[in-house]
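What follows is target-v3.cif (mmCIF, C-alpha atoms).
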```
data_run
loop_
_atom_site.group_PDB
_atom_site.id
_atom_site.type_symbol
_atom_site.label_atom_id
_atom_site.label_comp_id
_atom_site.auth_asym_id
_atom_site.auth_seq_id
_atom_site.Cartn_x
_atom_site.Cartn_y
_atom_site.Cartn_z
ATOM 1 C CA MET A 1 -1.257 6.079 17.395
ATOM 2 C CA LYS A 2 2.254 4.717 17.077
ATOM 3 C CA TYR A 3 4.925 5.950 14.648
ATOM 4 C CA ARG A 4 8.084 4.637 12.993
ATOM 5 C CA ARG A 5 10.863 6.350 11.056
ATOM 6 C CA LEU A 6 10.565 5.836 7.299
ATOM 7 C CA GLY A 7 14.068 4.619 6.460
ATOM 8 C CA LYS A 8 16.691 7.357 6.210
ATOM 9 C CA THR A 9 14.077 10.050 5.635
ATOM 10 C CA ASN A 10 13.201 12.455 8.426
ATOM 11 C CA LEU A 11 9.578 11.298 8.271
ATOM 12 C CA GLU A 12 7.878 9.683 11.262
ATOM 13 C CA VAL A 13 4.877 7.873 9.827
ATOM 14 C CA SER A 14 1.905 6.274 11.538
ATOM 15 C CA ILE A 15 2.046 2.481 11.615
ATOM 16 C CA LEU A 16 -1.484 2.597 10.185
ATOM 17 C CA GLY A 17 -1.303 4.118 6.713
ATOM 18 C CA PHE A 18 -4.309 5.463 4.834
ATOM 19 C CA GLY A 19 -4.750 3.757 1.471
ATOM 20 C CA ALA A 20 -6.800 6.127 -0.664
ATOM 21 C CA SER A 21 -7.686 3.794 -3.541
ATOM 22 C CA PRO A 22 -11.229 3.173 -2.180
ATOM 23 C CA LEU A 23 -11.880 6.919 -2.414
ATOM 24 C CA GLY A 24 -11.917 6.291 -6.169
ATOM 25 C CA ASN A 25 -14.700 3.669 -5.877
ATOM 26 C CA VAL A 26 -12.220 0.841 -6.525
ATOM 27 C CA PHE A 27 -14.043 -1.610 -4.228
ATOM 28 C CA ASP A 28 -17.449 0.009 -3.775
ATOM 29 C CA GLU A 29 -19.171 3.356 -4.129
ATOM 30 C CA CYS A 30 -18.437 6.222 -1.807
ATOM 31 C CA THR A 31 -19.247 9.912 -1.900
ATOM 32 C CA LEU A 32 -17.078 12.997 -1.527
ATOM 33 C CA GLU A 33 -18.610 13.495 1.906
ATOM 34 C CA ASP A 34 -17.639 9.929 2.846
ATOM 35 C CA ALA A 35 -14.097 10.731 1.724
ATOM 36 C CA LYS A 36 -13.918 13.940 3.749
ATOM 37 C CA ARG A 37 -15.273 12.383 6.933
ATOM 38 C CA THR A 38 -12.940 9.398 6.671
ATOM 39 C CA VAL A 39 -9.831 11.465 5.958
ATOM 40 C CA HIS A 40 -10.586 14.001 8.694
ATOM 41 C CA TYR A 41 -11.226 11.302 11.296
ATOM 42 C CA ALA A 42 -7.960 9.615 10.336
ATOM 43 C CA ILE A 43 -5.953 12.814 10.762
ATOM 44 C CA ASP A 44 -7.711 13.686 14.030
ATOM 45 C CA HIS A 45 -6.743 10.266 15.403
ATOM 46 C CA GLY A 46 -3.068 10.314 14.459
ATOM 47 C CA VAL A 47 -2.964 8.757 10.990
ATOM 48 C CA ASN A 48 -0.431 10.883 9.116
ATOM 49 C CA PHE A 49 0.542 8.794 6.065
ATOM 50 C CA PHE A 50 -1.707 8.954 2.997
ATOM 51 C CA ASP A 51 -0.966 6.956 -0.155
ATOM 52 C CA VAL A 52 -2.731 7.459 -3.497
ATOM 53 C CA SER A 53 -2.191 7.148 -7.258
ATOM 54 C CA PRO A 54 -3.689 8.559 -10.470
ATOM 55 C CA PHE A 55 -4.584 4.946 -11.311
ATOM 56 C CA TYR A 56 -7.053 4.660 -8.431
ATOM 57 C CA GLY A 57 -10.476 5.480 -9.781
ATOM 58 C CA LEU A 58 -8.765 6.891 -12.885
ATOM 59 C CA THR A 59 -7.747 10.080 -11.008
ATOM 60 C CA LEU A 60 -10.919 10.228 -8.833
ATOM 61 C CA ALA A 61 -9.090 9.114 -5.678
ATOM 62 C CA GLU A 62 -6.482 11.878 -6.054
ATOM 63 C CA GLU A 63 -9.185 14.477 -6.661
ATOM 64 C CA ARG A 64 -11.196 13.451 -3.608
ATOM 65 C CA LEU A 65 -8.142 13.182 -1.389
ATOM 66 C CA GLY A 66 -6.959 16.614 -2.493
ATOM 67 C CA THR A 67 -10.327 18.128 -1.621
ATOM 68 C CA ALA A 68 -10.465 16.324 1.721
ATOM 69 C CA LEU A 69 -6.967 17.551 2.628
ATOM 70 C CA GLU A 70 -7.684 21.244 2.074
ATOM 71 C CA GLY A 71 -6.468 23.087 5.160
ATOM 72 C CA LYS A 72 -4.819 19.928 6.513
ATOM 73 C CA ARG A 73 -1.984 19.302 4.040
ATOM 74 C CA LYS A 74 0.739 20.415 6.469
ATOM 75 C CA ASP A 75 -0.405 17.853 9.029
ATOM 76 C CA ILE A 76 0.297 14.768 6.927
ATOM 77 C CA THR A 77 2.820 12.870 4.829
ATOM 78 C CA LEU A 78 1.457 12.609 1.290
ATOM 79 C CA ALA A 79 2.516 9.947 -1.210
ATOM 80 C CA THR A 80 1.415 9.446 -4.792
ATOM 81 C CA LYS A 81 2.659 7.538 -7.798
ATOM 82 C CA CYS A 82 3.244 7.618 -11.548
ATOM 83 C CA GLY A 83 3.624 5.182 -14.435
ATOM 84 C CA ARG A 84 0.314 3.336 -14.125
ATOM 85 C CA TYR A 85 -2.815 5.076 -15.387
ATOM 86 C CA GLY A 86 -5.243 2.249 -16.152
ATOM 87 C CA LEU A 87 -5.703 -1.484 -15.817
ATOM 88 C CA GLN A 88 -3.425 -2.074 -18.813
ATOM 89 C CA GLU A 89 -2.124 1.471 -19.302
ATOM 90 C CA PHE A 90 1.517 1.972 -18.357
ATOM 91 C CA ASP A 91 3.844 4.785 -19.348
ATOM 92 C CA PHE A 92 7.178 5.196 -17.580
ATOM 93 C CA SER A 93 8.663 7.580 -20.144
ATOM 94 C CA LYS A 94 10.362 10.745 -18.943
ATOM 95 C CA GLU A 95 7.849 12.938 -20.735
ATOM 96 C CA ARG A 96 4.847 11.227 -19.122
ATOM 97 C CA ILE A 97 6.340 11.154 -15.622
ATOM 98 C CA LEU A 98 7.159 14.877 -15.742
ATOM 99 C CA LYS A 99 3.602 15.570 -16.847
ATOM 100 C CA SER A 100 2.207 13.161 -14.260
ATOM 101 C CA ILE A 101 3.698 14.910 -11.226
ATOM 102 C CA ASP A 102 2.177 18.227 -12.277
ATOM 103 C CA GLU A 103 -1.215 16.635 -12.868
ATOM 104 C CA SER A 104 -1.118 14.953 -9.468
ATOM 105 C CA LEU A 105 -0.094 18.141 -7.675
ATOM 106 C CA THR A 106 -3.043 19.929 -9.270
ATOM 107 C CA ARG A 107 -5.524 17.236 -8.222
ATOM 108 C CA LEU A 108 -4.028 17.022 -4.724
ATOM 109 C CA LYS A 109 -4.113 20.822 -4.376
ATOM 110 C CA THR A 110 -0.490 21.076 -3.253
ATOM 111 C CA ASP A 111 2.850 22.211 -4.650
ATOM 112 C CA TYR A 112 4.798 19.135 -3.506
ATOM 113 C CA VAL A 113 4.358 15.543 -2.362
ATOM 114 C CA ASP A 114 6.429 13.985 0.362
ATOM 115 C CA LEU A 115 6.901 10.771 -1.610
ATOM 116 C CA PHE A 116 6.702 10.142 -5.375
ATOM 117 C CA GLN A 117 6.741 6.501 -6.447
ATOM 118 C CA LEU A 118 6.939 4.450 -9.621
ATOM 119 C CA HIS A 119 3.721 2.420 -9.637
ATOM 120 C CA ASP A 120 3.823 -1.334 -10.314
ATOM 121 C CA ILE A 121 7.230 -1.464 -11.992
ATOM 122 C CA GLU A 122 6.909 -5.163 -12.903
ATOM 123 C CA PHE A 123 4.755 -4.373 -15.947
ATOM 124 C CA VAL A 124 7.492 -2.794 -18.087
ATOM 125 C CA ASP A 125 11.065 -3.550 -19.127
ATOM 126 C CA LYS A 126 13.641 -3.313 -16.379
ATOM 127 C CA ASN A 127 15.927 -1.176 -18.555
ATOM 128 C CA GLN A 128 13.294 1.540 -18.822
ATOM 129 C CA ILE A 129 12.849 1.606 -15.053
ATOM 130 C CA ILE A 130 16.596 1.820 -14.402
ATOM 131 C CA GLU A 131 17.667 4.068 -17.272
ATOM 132 C CA GLU A 132 14.682 6.396 -17.729
ATOM 133 C CA ALA A 133 12.097 6.288 -14.953
ATOM 134 C CA ILE A 134 14.428 6.351 -11.923
ATOM 135 C CA PRO A 135 16.535 9.266 -13.265
ATOM 136 C CA THR A 136 13.308 11.175 -13.977
ATOM 137 C CA ILE A 137 11.912 10.865 -10.468
ATOM 138 C CA GLN A 138 15.368 11.776 -9.139
ATOM 139 C CA GLU A 139 15.107 14.926 -11.242
ATOM 140 C CA ILE A 140 11.673 15.623 -9.754
ATOM 141 C CA LYS A 141 13.127 15.200 -6.270
ATOM 142 C CA LYS A 142 15.835 17.755 -7.057
ATOM 143 C CA SER A 143 13.167 20.162 -8.307
ATOM 144 C CA GLY A 144 11.388 20.130 -4.947
ATOM 145 C CA LYS A 145 8.108 18.767 -6.277
ATOM 146 C CA ALA A 146 8.805 15.581 -4.313
ATOM 147 C CA ARG A 147 10.835 15.296 -1.130
ATOM 148 C CA PHE A 148 11.546 11.572 -1.484
ATOM 149 C CA ILE A 149 11.225 8.865 -4.135
ATOM 150 C CA GLY A 150 10.480 5.158 -4.245
ATOM 151 C CA ILE A 151 9.133 2.148 -6.118
ATOM 152 C CA THR A 152 6.091 -0.077 -5.695
ATOM 153 C CA GLY A 153 5.018 -3.461 -7.014
ATOM 154 C CA LEU A 154 3.853 -7.007 -6.357
ATOM 155 C CA PRO A 155 6.866 -9.334 -6.957
ATOM 156 C CA VAL A 156 9.018 -8.877 -3.859
ATOM 157 C CA ARG A 157 12.187 -10.365 -5.336
ATOM 158 C CA TYR A 158 12.032 -7.996 -8.294
ATOM 159 C CA LEU A 159 11.578 -5.024 -5.973
ATOM 160 C CA ALA A 160 14.687 -6.163 -4.102
ATOM 161 C CA GLN A 161 16.578 -6.586 -7.357
ATOM 162 C CA ILE A 162 15.867 -2.998 -8.390
ATOM 163 C CA ALA A 163 16.561 -1.640 -4.900
ATOM 164 C CA ARG A 164 20.024 -3.217 -4.995
ATOM 165 C CA GLU A 165 20.910 -1.386 -8.203
ATOM 166 C CA VAL A 166 19.648 2.144 -7.517
ATOM 167 C CA GLU A 167 19.395 4.500 -4.559
ATOM 168 C CA LEU A 168 15.833 4.806 -3.278
ATOM 169 C CA ASP A 169 14.195 6.356 -0.255
ATOM 170 C CA THR A 170 11.354 3.833 -0.042
ATOM 171 C CA VAL A 171 10.005 0.530 -1.316
ATOM 172 C CA LEU A 172 6.306 -0.302 -1.113
ATOM 173 C CA SER A 173 5.432 -3.994 -1.335
ATOM 174 C CA TRP A 174 1.821 -5.088 -1.389
ATOM 175 C CA ALA A 175 0.181 -8.364 -0.352
ATOM 176 C CA HIS A 176 3.443 -9.933 0.834
ATOM 177 C CA TYR A 177 3.129 -9.526 4.581
ATOM 178 C CA ASN A 178 -0.117 -10.637 6.174
ATOM 179 C CA LEU A 179 -1.596 -13.779 7.731
ATOM 180 C CA LEU A 180 -1.331 -15.509 4.344
ATOM 181 C CA GLU A 181 2.015 -14.170 3.116
ATOM 182 C CA ASP A 182 5.455 -13.509 4.609
ATOM 183 C CA GLU A 183 7.790 -13.365 1.604
ATOM 184 C CA ILE A 184 8.658 -9.739 2.360
ATOM 185 C CA ASN A 185 11.021 -11.168 4.991
ATOM 186 C CA ASP A 186 13.128 -13.153 2.506
ATOM 187 C CA GLU A 187 14.993 -10.297 0.846
ATOM 188 C CA LEU A 188 13.298 -6.933 1.308
ATOM 189 C CA VAL A 189 13.475 -6.725 5.090
ATOM 190 C CA PRO A 190 17.235 -7.470 5.346
ATOM 191 C CA LEU A 191 17.930 -5.283 2.298
ATOM 192 C CA SER A 192 16.029 -2.356 3.821
ATOM 193 C CA LYS A 193 18.271 -2.580 6.868
ATOM 194 C CA GLU A 194 21.397 -2.829 4.724
ATOM 195 C CA LYS A 195 20.588 0.070 2.403
ATOM 196 C CA GLY A 196 18.447 2.178 4.719
ATOM 197 C CA PHE A 197 15.349 2.623 2.593
ATOM 198 C CA GLY A 198 11.936 2.812 4.248
ATOM 199 C CA LEU A 199 9.866 -0.343 3.829
ATOM 200 C CA MET A 200 6.083 -0.161 3.507
ATOM 201 C CA ASN A 201 3.452 -2.889 3.335
ATOM 202 C CA ALA A 202 0.032 -2.633 1.689
ATOM 203 C CA ALA A 203 -3.005 -4.925 1.383
ATOM 204 C CA PRO A 204 -2.767 -6.461 4.877
ATOM 205 C CA LEU A 205 -6.319 -7.773 4.440
ATOM 206 C CA MET A 206 -5.291 -9.547 1.229
ATOM 207 C CA GLN A 207 -7.867 -7.651 -0.830
ATOM 208 C CA ARG A 208 -10.638 -8.541 1.643
ATOM 209 C CA ILE A 209 -9.946 -12.259 2.183
ATOM 210 C CA LEU A 210 -8.864 -11.372 5.734
ATOM 211 C CA SER A 211 -12.034 -9.389 6.477
ATOM 212 C CA ASP A 212 -15.794 -9.876 6.559
ATOM 213 C CA ALA A 213 -16.316 -7.941 3.317
ATOM 214 C CA PRO A 214 -17.389 -9.743 0.123
ATOM 215 C CA LEU A 215 -14.521 -10.549 -2.236
ATOM 216 C CA PRO A 216 -14.357 -8.560 -5.474
ATOM 217 C CA GLU A 217 -15.002 -10.573 -8.637
ATOM 218 C CA TRP A 218 -11.528 -9.730 -9.936
ATOM 219 C CA HIS A 219 -9.699 -11.268 -6.936
ATOM 220 C CA ARG A 220 -6.834 -13.405 -8.245
ATOM 221 C CA SER A 221 -5.987 -15.564 -5.241
ATOM 222 C CA PRO A 222 -6.410 -19.330 -5.772
ATOM 223 C CA ASP A 223 -9.875 -20.636 -4.890
ATOM 224 C CA GLU A 224 -8.447 -22.693 -2.025
ATOM 225 C CA VAL A 225 -7.062 -19.515 -0.456
ATOM 226 C CA LYS A 226 -10.282 -17.570 -0.920
ATOM 227 C CA ALA A 227 -12.151 -20.478 0.686
ATOM 228 C CA MET A 228 -10.340 -19.704 3.952
ATOM 229 C CA GLN A 229 -12.379 -16.539 4.522
ATOM 230 C CA PRO A 230 -15.551 -18.114 6.003
ATOM 231 C CA ILE A 231 -13.499 -20.512 8.129
ATOM 232 C CA LEU A 232 -11.406 -17.661 9.528
ATOM 233 C CA LEU A 233 -14.528 -15.607 10.195
ATOM 234 C CA ASP A 234 -16.012 -18.421 12.254
ATOM 235 C CA MET A 235 -12.782 -18.875 14.203
ATOM 236 C CA CYS A 236 -12.644 -15.184 15.083
ATOM 237 C CA LYS A 237 -16.359 -15.150 15.948
ATOM 238 C CA ASN A 238 -15.713 -17.896 18.499
ATOM 239 C CA PHE A 239 -13.226 -15.576 20.208
ATOM 240 C CA GLY A 240 -15.525 -12.560 19.936
ATOM 241 C CA VAL A 241 -13.154 -10.582 17.715
ATOM 242 C CA SER A 242 -13.067 -9.271 14.155
ATOM 243 C CA LEU A 243 -10.968 -10.999 11.494
ATOM 244 C CA SER A 244 -9.893 -7.668 10.016
ATOM 245 C CA ASP A 245 -8.718 -6.469 13.450
ATOM 246 C CA VAL A 246 -6.604 -9.612 13.818
ATOM 247 C CA ALA A 247 -5.179 -9.311 10.308
ATOM 248 C CA LEU A 248 -4.414 -5.609 10.552
ATOM 249 C CA ARG A 249 -2.837 -5.792 13.984
ATOM 250 C CA TYR A 250 -0.750 -8.785 12.888
ATOM 251 C CA ALA A 251 0.621 -6.795 9.945
ATOM 252 C CA MET A 252 1.244 -3.609 11.948
ATOM 253 C CA ASP A 253 3.248 -5.590 14.512
ATOM 254 C CA HIS A 254 6.119 -6.170 12.055
ATOM 255 C CA PRO A 255 8.938 -4.089 13.584
ATOM 256 C CA ASP A 256 10.804 -3.472 10.320
ATOM 257 C CA ILE A 257 7.861 -2.179 8.291
ATOM 258 C CA ALA A 258 7.349 1.538 8.792
ATOM 259 C CA THR A 259 3.673 1.708 7.843
ATOM 260 C CA THR A 260 0.958 -0.745 6.883
ATOM 261 C CA ILE A 261 -1.366 0.744 4.294
ATOM 262 C CA VAL A 262 -5.006 -0.314 4.259
ATOM 263 C CA GLY A 263 -7.746 1.039 2.003
ATOM 264 C CA MET A 264 -10.476 3.105 3.651
ATOM 265 C CA ASN A 265 -13.452 5.125 2.473
ATOM 266 C CA LYS A 266 -16.081 5.012 5.213
ATOM 267 C CA LEU A 267 -16.185 6.452 8.721
ATOM 268 C CA GLU A 268 -16.961 3.101 10.355
ATOM 269 C CA ILE A 269 -13.926 1.540 8.641
ATOM 270 C CA ILE A 270 -11.408 4.142 9.790
ATOM 271 C CA LYS A 271 -12.839 4.021 13.331
ATOM 272 C CA GLN A 272 -12.376 0.254 13.476
ATOM 273 C CA ASN A 273 -8.875 0.417 11.993
ATOM 274 C CA VAL A 274 -7.722 3.094 14.427
ATOM 275 C CA GLU A 275 -8.992 0.963 17.309
ATOM 276 C CA ALA A 276 -7.042 -2.002 15.910
ATOM 277 C CA VAL A 277 -3.795 -0.183 16.715
ATOM 278 C CA ASP A 278 -4.421 -0.982 20.404
ATOM 279 C CA PHE A 279 -6.119 -4.332 19.809
ATOM 280 C CA GLU A 280 -4.500 -7.452 21.264
ATOM 281 C CA ILE A 281 -4.787 -10.711 19.326
ATOM 282 C CA PRO A 282 -5.817 -13.623 21.572
ATOM 283 C CA GLU A 283 -2.760 -15.858 21.728
ATOM 284 C CA MET A 284 -4.689 -19.086 21.256
ATOM 285 C CA LEU A 285 -6.570 -17.678 18.261
ATOM 286 C CA LEU A 286 -3.331 -16.701 16.547
ATOM 287 C CA LYS A 287 -1.970 -20.212 17.090
ATOM 288 C CA GLU A 288 -5.115 -21.719 15.553
ATOM 289 C CA ILE A 289 -5.011 -19.364 12.562
ATOM 290 C CA THR A 290 -1.327 -20.023 11.988
ATOM 291 C CA ALA A 291 -1.904 -23.780 11.981
ATOM 292 C CA LEU A 292 -4.924 -23.527 9.675
ATOM 293 C CA LEU A 293 -3.203 -21.328 7.114
ATOM 294 C CA ALA A 294 0.174 -23.101 7.059
ATOM 295 C CA PRO A 295 -0.704 -25.238 3.988
ATOM 296 C CA PHE A 296 -1.902 -22.136 2.119
ATOM 297 C CA LYS A 297 0.995 -19.820 2.964
ATOM 298 C CA ASN A 298 2.572 -17.797 0.140
ATOM 299 C CA LYS A 299 0.293 -19.046 -2.641
ATOM 300 C CA MET A 300 0.637 -15.793 -4.533
ATOM 301 C CA TRP A 301 -0.431 -15.042 -8.078
ATOM 302 C CA PHE A 302 1.857 -13.201 -10.518
ATOM 303 C CA GLU A 303 1.490 -9.896 -12.321
ATOM 304 C CA GLY A 304 3.600 -8.103 -14.889
ATOM 305 C CA LYS A 305 6.234 -9.408 -17.244
ATOM 306 C CA PRO A 306 7.280 -13.042 -16.678
ATOM 307 C CA GLU A 307 10.962 -12.102 -16.559
ATOM 308 C CA ASN A 308 10.218 -9.782 -13.634
ATOM 309 C CA ASN A 309 8.657 -12.622 -11.633
ATOM 310 C CA LEU A 310 11.543 -15.085 -11.534
#
```

Can you give me the file's structure in the form of structure tokens?
Amino acid sequence: MKYRRLGKTNLEVSILGFGASPLGNVFDECTLEDAKRTVHYAIDHGVNFFDVSPFYGLTLAEERLGTALEGKRKDITLATKCGRYGLQEFDFSKERILKSIDESLTRLKTDYVDLFQLHDIEFVDKNQIIEEAIPTIQEIKKSGKARFIGITGLPVRYLAQIAREVELDTVLSWAHYNLLEDEINDELVPLSKEKGFGLMNAAPLMQRILSDAPLPEWHRSPDEVKAMQPILLDMCKNFGVSLSDVALRYAMDHPDIATTIVGMNKLEIIKQNVEAVDFEIPEMLLKEITALLAPFKNKMWFEGKPENNL
């Protein structure tokens, strides 16, 4: 495993991050035993960053991760979130955030998290994030229930806008650095260097487009982008490699992103992803993929309030 420093924190995190949302049956069914085996294999093979949220599986992912981490908590960096509790359920009030951290600590079976993040900040008014939510997680940091604090979301320019105005330890951007997207480079990468916050990337497989798994019905990418999956699979097959290995290794190679978070819930998935850390992308294949995807680059959908997606 390889590690990078997470911004100005003293945390050295694995370049492969464990996304725990699938432990909550977000993509497909898994059992508690699946969760335990996957988490334990990850830790045994150097993965030390675990990211979860009460939203994932409506608290099920946190519960399963907490159980799987019993006896191993000290070996890992644990991140969770607050503010989003359902598909359309958002509450960034001080009262709810203070309650949320205690609920998460109980489910995760720990008395602190290493990182506490505001989840999908684009769905509520900016003023509430700046004036209420940020001061509340700063208060939680001072209390010792969280060592560091950060924000997460989809619109990269909005994340950068907030990060310019407040002091944060981390920013987690999802779906904006992978074979189909590179907008994280426009503002967030240079800003992370300027301000010193740790930058994290999630969804390197673009919610399964860049893998051999079937796409979920709720996938919001344009049809023309989703249509690339079978073509990419055939291209990789011709080189005798896996599309997900190519996509994951491509994302992990970004030198300014501390960790790339990918969802996992089965032993065979974590084994493959760990092996991808040492995988080498055939140079000619990468050239062919880059040329194929050029017309479809950065065709991202929008989420949250329109004013937060300018």

Applied to this file, what does the PyMOL selection byres ((chain A and resi 3-15) around 9) return in terms of residues, put as a PyMOL selection string?
chain A and resi 1-2+16-17+46-49+76-77+114+148+169-170+192-193+195-200+252-253+255-261+277

Output of the PyMOL selection byres ((chain A and resi 246-249) around 6), listed as a ChimeraX atom specification:
/A:204,243-245,250-252,276,281

A:Lys226 proximity check over A:Leu105, A:Ala146, A:Ile43, A:Met206, using only C-alpha atoms: winner is A:Met206

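Using all atoms listed in the file for every distance, the candidate list A:Arg164, A:Lys145, A:Lys299, A:Lys109 yields A:Lys299 as the residue closest to A:Ser221.
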
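For the pair atom CA of A:Phe55 and atom CA of A:Glu103, the separation is 12.3 Å.
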
Expected answer as a PyMOL selection string: all residues with atoms within 12 Å of (-19.1, 8.8, -5.0), all atoms listed in the file
chain A and resi 22-36+57+60-61+63-64+265-266

Find the residues near stretch 84-92 of chain A: any atom within 12 Å, counting all atoms listed in the file, skip ones fewer than 4 places away on the same chain, and give them as a PyMOL selection string.
chain A and resi 26+52-60+80+96-100+103-104+117-137+151-153+218+303-304

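Comparing the minimum interatomic distances between A:Ala163 and each of A:Glu183, A:Asp212, A:Pro222, A:Glu194, counting all atoms listed in the file, we find that A:Glu194 sits nearest.
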
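One finds atom CA of A:Gly263 at 7.6 Å from atom CA of A:Ala203.
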
A:Leu267: which residues within 10 Å, counting only C-alpha atoms, same-chain residues fewer than 3 positions away excluded, as a PyMOL selection string?
chain A and resi 34-42+264+270-272

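Here atom CA of A:Asp186 is placed at a distance of 25.9 Å from atom CA of A:Leu232.
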